[in-house]
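Engineer: Please find input15.cif (mmCIF, C-alpha atoms and all ligand atoms) on the next line:
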data_target
loop_
_atom_site.label_atom_id
_atom_site.label_comp_id
_atom_site.auth_asym_id
_atom_site.auth_seq_id
_atom_site.Cartn_x
_atom_site.Cartn_y
_atom_site.Cartn_z
CA GLU U 7 -135.43 48.17 -37.74
CA TYR U 8 -132.59 46.12 -36.36
CA HIS U 9 -131.24 45.69 -39.88
CA ILE U 10 -131.44 49.39 -40.63
CA SER U 11 -129.55 50.43 -37.53
CA ARG U 12 -126.95 47.76 -38.13
CA ASP U 13 -126.60 49.07 -41.65
CA ILE U 14 -126.12 52.65 -40.49
CA ASP U 15 -123.65 51.46 -37.90
CA PHE U 16 -121.70 49.64 -40.57
CA GLN U 17 -121.68 52.70 -42.80
CA VAL U 18 -120.53 55.02 -40.03
CA ARG U 19 -117.76 52.67 -39.04
CA ASN U 20 -116.70 52.47 -42.64
CA LYS U 21 -116.32 56.21 -42.94
CA THR U 22 -112.62 56.80 -42.87
CA LYS U 23 -109.81 58.82 -44.41
CA ARG U 24 -108.41 57.28 -47.57
CA LEU U 25 -105.52 58.05 -49.89
CA PRO U 26 -106.67 59.71 -53.11
CA HIS U 27 -107.96 57.53 -55.92
CA ALA U 28 -107.47 60.32 -58.41
CA LEU U 29 -105.28 63.39 -58.66
CA ILE U 30 -105.64 66.61 -60.56
CA ILE U 31 -101.94 67.06 -61.31
CA GLY U 32 -101.96 70.25 -63.37
CA VAL U 33 -101.50 72.58 -64.97
CA LYS U 34 -101.28 75.77 -62.98
CA LYS U 35 -103.63 78.52 -64.26
CA ALA U 36 -105.50 76.20 -66.61
CA GLY U 37 -108.68 75.95 -64.54
CA THR U 38 -107.67 73.37 -61.93
CA ARG U 39 -109.61 75.08 -59.13
CA ALA U 40 -112.75 75.25 -61.25
CA LEU U 41 -112.46 71.54 -62.06
CA LEU U 42 -112.00 70.56 -58.42
CA GLU U 43 -114.91 72.72 -57.24
CA TYR U 44 -117.15 71.29 -59.97
CA LEU U 45 -116.19 67.74 -58.96
CA ARG U 46 -117.06 68.52 -55.36
CA LEU U 47 -120.65 69.05 -56.46
CA HIS U 48 -120.81 65.28 -56.86
CA PRO U 49 -122.13 63.36 -53.83
CA ASP U 50 -119.62 60.55 -54.40
CA VAL U 51 -116.56 62.81 -54.46
CA ARG U 52 -114.69 64.27 -51.49
CA ALA U 53 -111.56 66.38 -51.64
CA PRO U 54 -109.47 68.55 -49.35
CA GLY U 55 -109.91 72.26 -50.13
CA PRO U 56 -106.26 73.41 -50.06
CA GLU U 57 -103.50 72.01 -52.26
CA THR U 58 -101.57 69.51 -50.16
CA HIS U 59 -98.24 69.64 -52.08
CA PHE U 60 -97.53 66.20 -50.64
CA PHE U 61 -95.57 64.74 -53.56
CA ASP U 62 -93.40 67.81 -54.14
CA LYS U 63 -92.92 69.56 -50.79
CA HIS U 64 -93.97 67.18 -48.01
CA TYR U 65 -93.07 63.76 -49.32
CA ASP U 66 -90.79 63.03 -46.35
CA LYS U 67 -93.82 63.27 -44.04
CA GLY U 68 -95.05 59.98 -45.43
CA LEU U 69 -98.33 58.55 -46.68
CA LYS U 70 -99.87 58.45 -43.20
CA TRP U 71 -99.53 62.22 -42.97
CA TYR U 72 -100.92 62.57 -46.48
CA ARG U 73 -103.94 60.44 -45.62
CA SER U 74 -104.59 62.49 -42.50
CA LEU U 75 -105.26 65.52 -44.75
CA MET U 76 -108.05 63.71 -46.58
CA PRO U 77 -111.74 64.02 -45.72
CA GLU U 78 -113.55 60.97 -44.38
CA THR U 79 -115.31 58.93 -47.02
CA TYR U 80 -117.50 55.90 -47.39
CA LYS U 81 -116.14 52.98 -49.32
CA ASP U 82 -117.89 53.89 -52.56
CA GLN U 83 -116.86 57.55 -52.52
CA LEU U 84 -113.84 58.88 -54.38
CA THR U 85 -111.10 60.89 -52.70
CA ILE U 86 -109.52 63.44 -55.00
CA GLU U 87 -106.72 65.90 -54.47
CA LYS U 88 -105.35 68.68 -56.67
CA THR U 89 -101.88 70.17 -56.64
CA PRO U 90 -100.99 71.64 -60.06
CA SER U 91 -97.22 71.66 -59.50
CA TYR U 92 -97.18 67.85 -59.65
CA PHE U 93 -97.43 67.79 -63.43
CA VAL U 94 -94.19 69.70 -64.02
CA THR U 95 -92.08 68.45 -61.11
CA LYS U 96 -89.49 65.78 -61.85
CA GLY U 97 -89.63 62.56 -59.82
CA ILE U 98 -93.31 62.83 -58.98
CA PRO U 99 -94.64 60.24 -61.44
CA GLU U 100 -92.57 57.58 -59.68
CA ARG U 101 -93.76 58.72 -56.25
CA VAL U 102 -97.41 58.57 -57.29
CA TYR U 103 -96.80 55.18 -58.88
CA ARG U 104 -95.36 53.94 -55.59
CA MET U 105 -98.46 55.10 -53.69
CA SER U 106 -100.68 53.27 -56.18
CA LYS U 107 -100.10 52.42 -59.78
CA LYS U 108 -103.88 52.55 -60.21
CA THR U 109 -104.10 56.28 -59.39
CA LYS U 110 -106.17 58.08 -61.99
CA LEU U 111 -104.60 61.26 -63.28
CA ILE U 112 -106.35 64.34 -64.60
CA VAL U 113 -104.58 67.18 -66.38
CA VAL U 114 -106.27 70.43 -67.36
CA PHE U 115 -104.53 72.07 -70.32
CA ARG U 116 -104.87 75.63 -71.56
CA ASP U 117 -103.21 77.42 -74.47
CA PRO U 118 -99.65 77.76 -73.12
CA VAL U 119 -99.46 81.40 -74.27
CA THR U 120 -102.51 82.54 -72.29
CA ARG U 121 -101.45 80.24 -69.47
CA ALA U 122 -98.12 82.05 -69.21
CA ILE U 123 -99.82 85.45 -69.30
CA SER U 124 -102.28 84.33 -66.64
CA ASP U 125 -99.42 83.12 -64.47
CA TYR U 126 -97.65 86.44 -65.02
CA ALA U 127 -100.84 88.35 -64.04
CA GLN U 128 -100.85 86.41 -60.78
CA LEU U 129 -97.16 87.14 -60.22
CA ALA U 130 -97.70 90.85 -60.88
CA SER U 131 -100.70 91.01 -58.56
CA ARG U 132 -98.58 89.62 -55.73
CA ASN U 133 -95.46 91.61 -56.57
CA PRO U 134 -96.24 94.96 -58.26
CA SER U 135 -92.55 95.74 -58.85
CA VAL U 136 -92.04 92.72 -61.10
CA LYS U 137 -90.44 93.39 -64.52
CA SER U 138 -92.68 93.57 -67.58
CA PHE U 139 -93.76 90.37 -69.31
CA ASP U 140 -91.63 91.20 -72.40
CA GLU U 141 -88.55 91.78 -70.28
CA MET U 142 -89.01 88.43 -68.61
CA VAL U 143 -89.99 86.32 -71.59
CA PHE U 144 -87.09 87.24 -73.88
CA ILE U 145 -83.44 86.66 -73.09
CA ASN U 146 -82.76 89.75 -75.16
CA ASN U 147 -85.46 92.15 -76.28
CA GLU U 148 -83.69 92.82 -79.58
CA THR U 149 -83.18 89.25 -80.75
CA ARG U 150 -86.42 88.12 -79.12
CA VAL U 151 -85.00 84.76 -78.17
CA ILE U 152 -87.37 83.19 -75.65
CA ASP U 153 -86.03 82.50 -72.19
CA THR U 154 -86.84 78.83 -71.88
CA SER U 155 -85.41 78.77 -68.36
CA TRP U 156 -88.21 81.02 -67.11
CA THR U 157 -90.61 78.80 -65.14
CA LEU U 158 -93.63 80.45 -66.73
CA VAL U 159 -92.37 79.40 -70.16
CA LYS U 160 -91.24 75.93 -69.08
CA ILE U 161 -94.60 74.95 -67.60
CA GLY U 162 -96.17 75.30 -71.07
CA LEU U 163 -93.95 72.62 -72.64
CA TYR U 164 -96.73 70.14 -71.96
CA ALA U 165 -95.46 67.33 -74.21
CA LEU U 166 -92.17 67.15 -72.34
CA HIS U 167 -93.84 66.93 -68.94
CA LEU U 168 -96.42 64.44 -70.15
CA SER U 169 -93.75 62.09 -71.50
CA ARG U 170 -92.34 61.72 -67.98
CA TRP U 171 -95.76 60.61 -66.68
CA LEU U 172 -96.15 58.15 -69.52
CA GLU U 173 -93.03 56.35 -68.34
CA TYR U 174 -95.09 55.21 -65.33
CA PHE U 175 -98.77 55.42 -66.27
CA PRO U 176 -100.69 54.16 -69.30
CA LEU U 177 -102.60 56.71 -71.35
CA ASN U 178 -105.97 55.21 -70.43
CA GLN U 179 -105.31 56.11 -66.79
CA MET U 180 -105.01 59.77 -67.71
CA LEU U 181 -107.68 62.26 -68.70
CA PHE U 182 -106.92 65.50 -70.51
CA VAL U 183 -109.36 68.31 -69.89
CA SER U 184 -109.56 71.44 -72.00
CA GLY U 185 -109.39 74.52 -69.79
CA GLU U 186 -111.06 76.50 -72.58
CA ASP U 187 -113.98 74.03 -72.81
CA LEU U 188 -114.30 73.99 -69.04
CA ILE U 189 -115.29 77.68 -69.36
CA ARG U 190 -117.26 77.43 -72.63
CA ALA U 191 -119.12 74.20 -71.93
CA PRO U 192 -118.58 73.07 -68.32
CA ALA U 193 -121.32 70.43 -68.33
CA SER U 194 -120.04 68.55 -71.35
CA GLU U 195 -116.46 68.65 -70.10
CA MET U 196 -117.71 67.35 -66.72
CA ARG U 197 -119.50 64.51 -68.50
CA ARG U 198 -116.13 63.27 -69.74
CA VAL U 199 -114.60 63.65 -66.28
CA GLN U 200 -117.39 61.72 -64.56
CA GLN U 201 -117.17 58.98 -67.16
CA PHE U 202 -113.42 58.69 -66.69
CA LEU U 203 -113.82 58.47 -62.90
CA GLU U 204 -116.63 55.91 -63.32
CA LEU U 205 -119.06 58.15 -61.46
CA LYS U 206 -122.77 58.45 -62.01
CA GLN U 207 -123.56 61.38 -64.32
CA HIS U 208 -124.72 63.62 -61.51
CA ILE U 209 -123.20 66.94 -62.57
CA THR U 210 -125.17 68.35 -65.50
CA SER U 211 -126.02 71.68 -67.11
CA ASP U 212 -128.48 72.25 -64.20
CA ASN U 213 -125.46 72.84 -61.97
CA PHE U 214 -124.11 75.72 -64.07
CA THR U 215 -125.04 79.22 -65.04
CA TYR U 216 -123.05 81.74 -67.02
CA ASN U 217 -122.43 84.81 -64.90
CA TYR U 218 -122.08 87.85 -67.18
CA THR U 219 -120.67 90.07 -64.45
CA LYS U 220 -117.94 87.58 -63.66
CA GLY U 221 -117.56 86.47 -67.27
CA PHE U 222 -117.33 82.84 -66.13
CA PRO U 223 -119.56 79.95 -65.17
CA CYS U 224 -120.85 79.86 -61.62
CA TYR U 225 -122.23 76.69 -60.07
CA LYS U 226 -124.49 75.18 -57.44
CA LYS U 227 -124.74 71.85 -55.72
CA ASP U 228 -128.39 71.06 -55.99
CA SER U 229 -130.59 72.04 -58.91
CA SER U 230 -133.38 73.36 -56.68
CA LYS U 231 -132.33 74.35 -53.17
CA SER U 232 -128.88 75.87 -52.99
CA SER U 233 -127.57 79.22 -54.23
CA TRP U 234 -125.01 79.95 -56.95
CA HIS U 235 -121.31 80.07 -56.14
CA CYS U 236 -118.58 81.69 -58.19
CA LEU U 237 -114.83 81.28 -57.81
CA ASN U 238 -113.17 84.17 -55.97
CA GLU U 239 -111.58 87.23 -57.56
CA GLU U 240 -108.20 85.48 -57.89
CA LYS U 241 -109.75 83.36 -60.63
CA GLY U 242 -110.60 85.20 -63.81
CA ARG U 243 -108.13 88.06 -63.41
CA GLN U 244 -107.65 90.80 -65.95
CA HIS U 245 -104.58 90.04 -68.07
CA PRO U 246 -102.01 92.72 -68.98
CA HIS U 247 -101.87 93.88 -72.59
CA ILE U 248 -99.26 91.92 -74.55
CA GLU U 249 -98.14 93.12 -77.98
CA PRO U 250 -99.49 90.90 -80.79
CA SER U 251 -95.95 90.37 -82.08
CA VAL U 252 -94.86 89.07 -78.68
CA ARG U 253 -97.82 86.72 -78.58
CA GLN U 254 -97.02 85.57 -82.10
CA ARG U 255 -93.43 84.85 -81.17
CA LEU U 256 -94.59 82.72 -78.25
CA GLN U 257 -97.21 80.93 -80.33
CA ASP U 258 -94.57 80.00 -82.90
CA PHE U 259 -92.32 78.78 -80.14
CA TYR U 260 -94.97 76.52 -78.59
CA ARG U 261 -96.49 75.21 -81.85
CA PRO U 262 -94.31 72.11 -82.30
CA PHE U 263 -94.68 71.20 -78.62
CA ASN U 264 -98.44 71.66 -78.86
CA HIS U 265 -98.66 69.38 -81.87
CA ARG U 266 -96.66 66.77 -80.06
CA LEU U 267 -99.05 67.01 -77.15
CA PHE U 268 -102.11 66.68 -79.42
CA SER U 269 -100.79 63.47 -80.92
CA MET U 270 -99.72 62.06 -77.54
CA ALA U 271 -103.01 62.93 -75.88
CA GLY U 272 -105.18 62.03 -78.86
CA ARG U 273 -106.95 65.34 -78.58
CA ASP U 274 -106.55 68.56 -80.54
CA PHE U 275 -107.06 71.53 -78.23
CA ASN U 276 -107.25 73.98 -81.15
CA TRP U 277 -104.81 76.53 -79.82
CA SER U 278 -103.59 79.12 -82.28
P1 LIG V 301 -107.40 83.64 -65.37
O1 LIG V 301 -107.38 84.22 -63.99
O2 LIG V 301 -106.18 83.87 -66.15
O3 LIG V 301 -108.63 84.00 -66.14
P2 LIG V 301 -106.22 77.67 -61.80
O4 LIG V 301 -107.38 77.43 -60.89
O5 LIG V 301 -105.65 76.40 -62.36
O6 LIG V 301 -105.21 78.59 -61.22
O7 LIG V 301 -106.79 78.40 -63.11
C1 LIG V 301 -107.27 79.72 -63.07
C2 LIG V 301 -108.08 79.95 -64.33
O8 LIG V 301 -109.28 79.22 -64.27
C3 LIG V 301 -108.51 81.37 -64.54
O9 LIG V 301 -107.46 82.02 -65.20
C4 LIG V 301 -109.77 81.21 -65.40
O10 LIG V 301 -109.55 81.52 -66.76
C5 LIG V 301 -110.11 79.73 -65.29
N1 LIG V 301 -111.49 79.43 -64.94
C6 LIG V 301 -112.15 78.34 -65.39
N2 LIG V 301 -113.39 78.33 -64.91
C7 LIG V 301 -113.53 79.41 -64.13
C8 LIG V 301 -114.62 79.91 -63.35
N3 LIG V 301 -115.77 79.27 -63.28
N4 LIG V 301 -114.41 81.06 -62.66
C9 LIG V 301 -113.23 81.70 -62.74
N5 LIG V 301 -112.17 81.26 -63.45
C10 LIG V 301 -112.32 80.11 -64.15
#
Take the structure I supplied and represent it as structure tokens, if you would.
Structural biologist:
Amino acid sequence: EYHISRDIDFQVRNKTKRLPHALIIGVKKAGTRALLEYLRLHPDVRAPGPETHFFDKHYDKGLKWYRSLMPETYKDQLTIEKTPSYFVTKGIPERVYRMSKKTKLIVVFRDPVTRAISDYAQLASRNPSVKSFDEMVFINNETRVIDTSWTLVKIGLYALHLSRWLEYFPLNQMLFVSGEDLIRAPASEMRRVQQFLELKQHITSDNFTYNYTKGFPCYKKDSSKSSWHCLNEEKGRQHPHIEPSVRQRLQDFYRPFNHRLFSMAGRDFNWS
């Protein structure tokens, strides 16, 4: 009994806030919330709920501040944080490297065309007077030259952003998740994630159900006891109708960048 209580005491004392071992760095609207919530089903993973924006907006507050936002963990638990703006913000790879060059990095990718439309749907839901997608995406509606300075377009140039991370981190420290597969086959995508993070394979198909009303997977923590959770109504929004010719124009624009990404990442995401 003495040993047991000493053991518990040791464990409790060892529960402390730690800097993240792994980051979900992007990309916005690709399924980053779903991935984080799925990871939180794992008993050896802890993560703050909100995005901290430490490396882009609050870097001057220092690592001590950053650590204070983290949940308490035991030594063998992983601390994970997600802020999707990290992937596309210049200067962040170096900052993460300075925190720890061993940080594991996860990026969720989604077809950049649907990603942009999803991002626009979010914009429009928050600001109903926003210009139409076509008006924003083309510099000139007649020539249909794409406005590459529009943030929603720029975020989708994945190969360019990834190359900045690869200046600091080796490929084997990064995992690329398919946002499409995370919806189609969450359990098998989570198998790859758990393997990459060197976690026990705890999250399985028992944790997921397809919810036909929502049109997305919903999830639960424990295969027997708990109830199903779905992401809120801000995830899985209705997208506006976009003319096929506009879509086509964007697809053509992204194609060479996509192919560059596939060869850099060693994974073909099969986007059109
Ligand atoms: P849409 O709203 O365009 O469908 P993020 O969390 O990075 O902002 O990504 C949001 C996207 O996550 C949603 O975009 C949706 O397609 C996707 N997603 C993946 N799994 C989901 C789930 N279980 N429930 C709702 N949305 C999910």
Engineer: Report the closest atom pair, with its distance in Å rounded to one decimal, for each residue of chain U that has an atom no farther than 10 Å from ligand LIG 301 (chain V); count all atoms listed in the file, sort by chain and then rising residue number, and write it as a tab-separated table.
Structural biologist:
residue	atom	partner	partner_atom	distance
U:Ile30	CA	V:LIG301	O5	10.0
U:Gly32	CA	V:LIG301	O5	7.2
U:Val33	CA	V:LIG301	O5	6.2
U:Lys34	CA	V:LIG301	O5	4.5
U:Lys35	CA	V:LIG301	O7	3.4
U:Ala36	CA	V:LIG301	O5	4.3
U:Gly37	CA	V:LIG301	O8	3.3
U:Thr38	CA	V:LIG301	O5	3.7
U:Arg39	CA	V:LIG301	O4	3.7
U:Ala40	CA	V:LIG301	N2	4.8
U:Leu41	CA	V:LIG301	N2	7.4
U:Leu42	CA	V:LIG301	O4	8.6
U:Glu43	CA	V:LIG301	N3	9.0
U:Tyr44	CA	V:LIG301	N3	8.7
U:Lys88	CA	V:LIG301	O5	9.6
U:Thr89	CA	V:LIG301	O5	9.3
U:Pro90	CA	V:LIG301	O5	7.0
U:Val114	CA	V:LIG301	O5	7.8
U:Phe115	CA	V:LIG301	O5	9.1
U:Arg116	CA	V:LIG301	O10	8.9
U:Thr120	CA	V:LIG301	O2	7.3
U:Arg121	CA	V:LIG301	O2	6.8
U:Ala122	CA	V:LIG301	O2	8.8
U:Ile123	CA	V:LIG301	O2	7.3
U:Ser124	CA	V:LIG301	O2	4.0
U:Asp125	CA	V:LIG301	O2	7.0
U:Tyr126	CA	V:LIG301	O2	9.0
U:Ala127	CA	V:LIG301	O2	7.3
U:Gln128	CA	V:LIG301	O1	7.6
U:Ser184	CA	V:LIG301	C6	9.9
U:Gly185	CA	V:LIG301	C6	6.4
U:Glu186	CA	V:LIG301	C6	7.5
U:Asp187	CA	V:LIG301	C6	8.8
U:Leu188	CA	V:LIG301	N2	6.1
U:Ile189	CA	V:LIG301	N2	4.9
U:Arg190	CA	V:LIG301	N2	8.7
U:Ala191	CA	V:LIG301	N2	10.0
U:Pro192	CA	V:LIG301	N2	8.1
U:Phe214	CA	V:LIG301	N3	9.1
U:Thr215	CA	V:LIG301	N3	9.4
U:Tyr216	CA	V:LIG301	N3	8.5
U:Asn217	CA	V:LIG301	N3	8.8
U:Lys220	CA	V:LIG301	N4	7.5
U:Gly221	CA	V:LIG301	N4	7.8
U:Phe222	CA	V:LIG301	N3	4.8
U:Pro223	CA	V:LIG301	N3	4.3
U:Cys224	CA	V:LIG301	N3	5.4
U:Tyr225	CA	V:LIG301	N3	7.7
U:His235	CA	V:LIG301	N3	9.1
U:Cys236	CA	V:LIG301	N4	6.1
U:Leu237	CA	V:LIG301	N4	4.9
U:Asn238	CA	V:LIG301	C9	7.2
U:Glu239	CA	V:LIG301	C9	7.8
U:Glu240	CA	V:LIG301	O1	6.3
U:Lys241	CA	V:LIG301	O1	4.2
U:Gly242	CA	V:LIG301	O3	3.3
U:Arg243	CA	V:LIG301	O1	4.0
U:Gln244	CA	V:LIG301	O1	6.9
U:His245	CA	V:LIG301	O2	6.7
Engineer: For Leu172 of chain U, which of U:Asp212, U:Glu141, U:Asp153, U:Glu100 is the closest residue, counting all atoms listed in the file?
Structural biologist: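 Result for the nearest residue to Leu172 of chain U: U:Glu100.
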Engineer: Rank nothing, just name the residue among U:Leu84, U:Asp140, U:Tyr65, U:Pro118 nearest to Pro250 of chain U, using only C-alpha atoms.
Structural biologist: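 Nearest to Pro250 of chain U: U:Asp140.
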Engineer: Given only C-alpha atoms as the basis, pick out the residue of U:Lys21, U:Arg150, U:Arg46, U:Arg73 nearest to Ser251 of chain U.
Structural biologist: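 Among the listed residues, the smallest separation from Ser251 of chain U belongs to U:Arg150.
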Engineer: Which one is closest to Ser106 of chain U: U:His167, U:His27, U:His59, U:His64? Count all atoms listed in the file.
Structural biologist: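 Of the candidates, the smallest distance to Ser106 of chain U is held by U:His27.
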Engineer: Please indicate the distance in Å from atom CA of Leu267 of chain U to atom CA of Pro54 of chain U, rounded to one decimal place.
Structural biologist: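 Distance reported for this atom pair: 29.7 Å.
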Engineer: Mind checking which residues fall within 12 Å of segment 145-147 of chain U, counting all atoms listed in the file, ignoring those fewer than 5 positions away in the same chain, and posting them as a PyMOL selection string?
Structural biologist: chain U and resi 138-140+152-156+159+252+255
Engineer: Please report the interatomic distance between atom CA of Glu87 of chain U and atom CA of Thr157 of chain U in Å with one decimal.
Structural biologist: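 Going from atom CA of Glu87 of chain U over to atom CA of Thr157 of chain U covers 23.2 Å.
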Engineer: Using Å and a single decimal, report how far atom CA of Thr58 of chain U sits from atom CA of Lys70 of chain U.
Structural biologist: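 Computing the Euclidean distance for atom CA of Lys70 of chain U and atom CA of Thr58 of chain U yields 13.2 Å.
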Engineer: For Arg198 of chain U, which residue among U:Ala165, U:Leu75, U:Val94, U:Ile112 is the nearest when counting only C-alpha atoms?
Structural biologist: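 Ranking U:Ala165, U:Leu75, U:Val94, U:Ile112 by distance to Arg198 of chain U, first place goes to U:Ile112.
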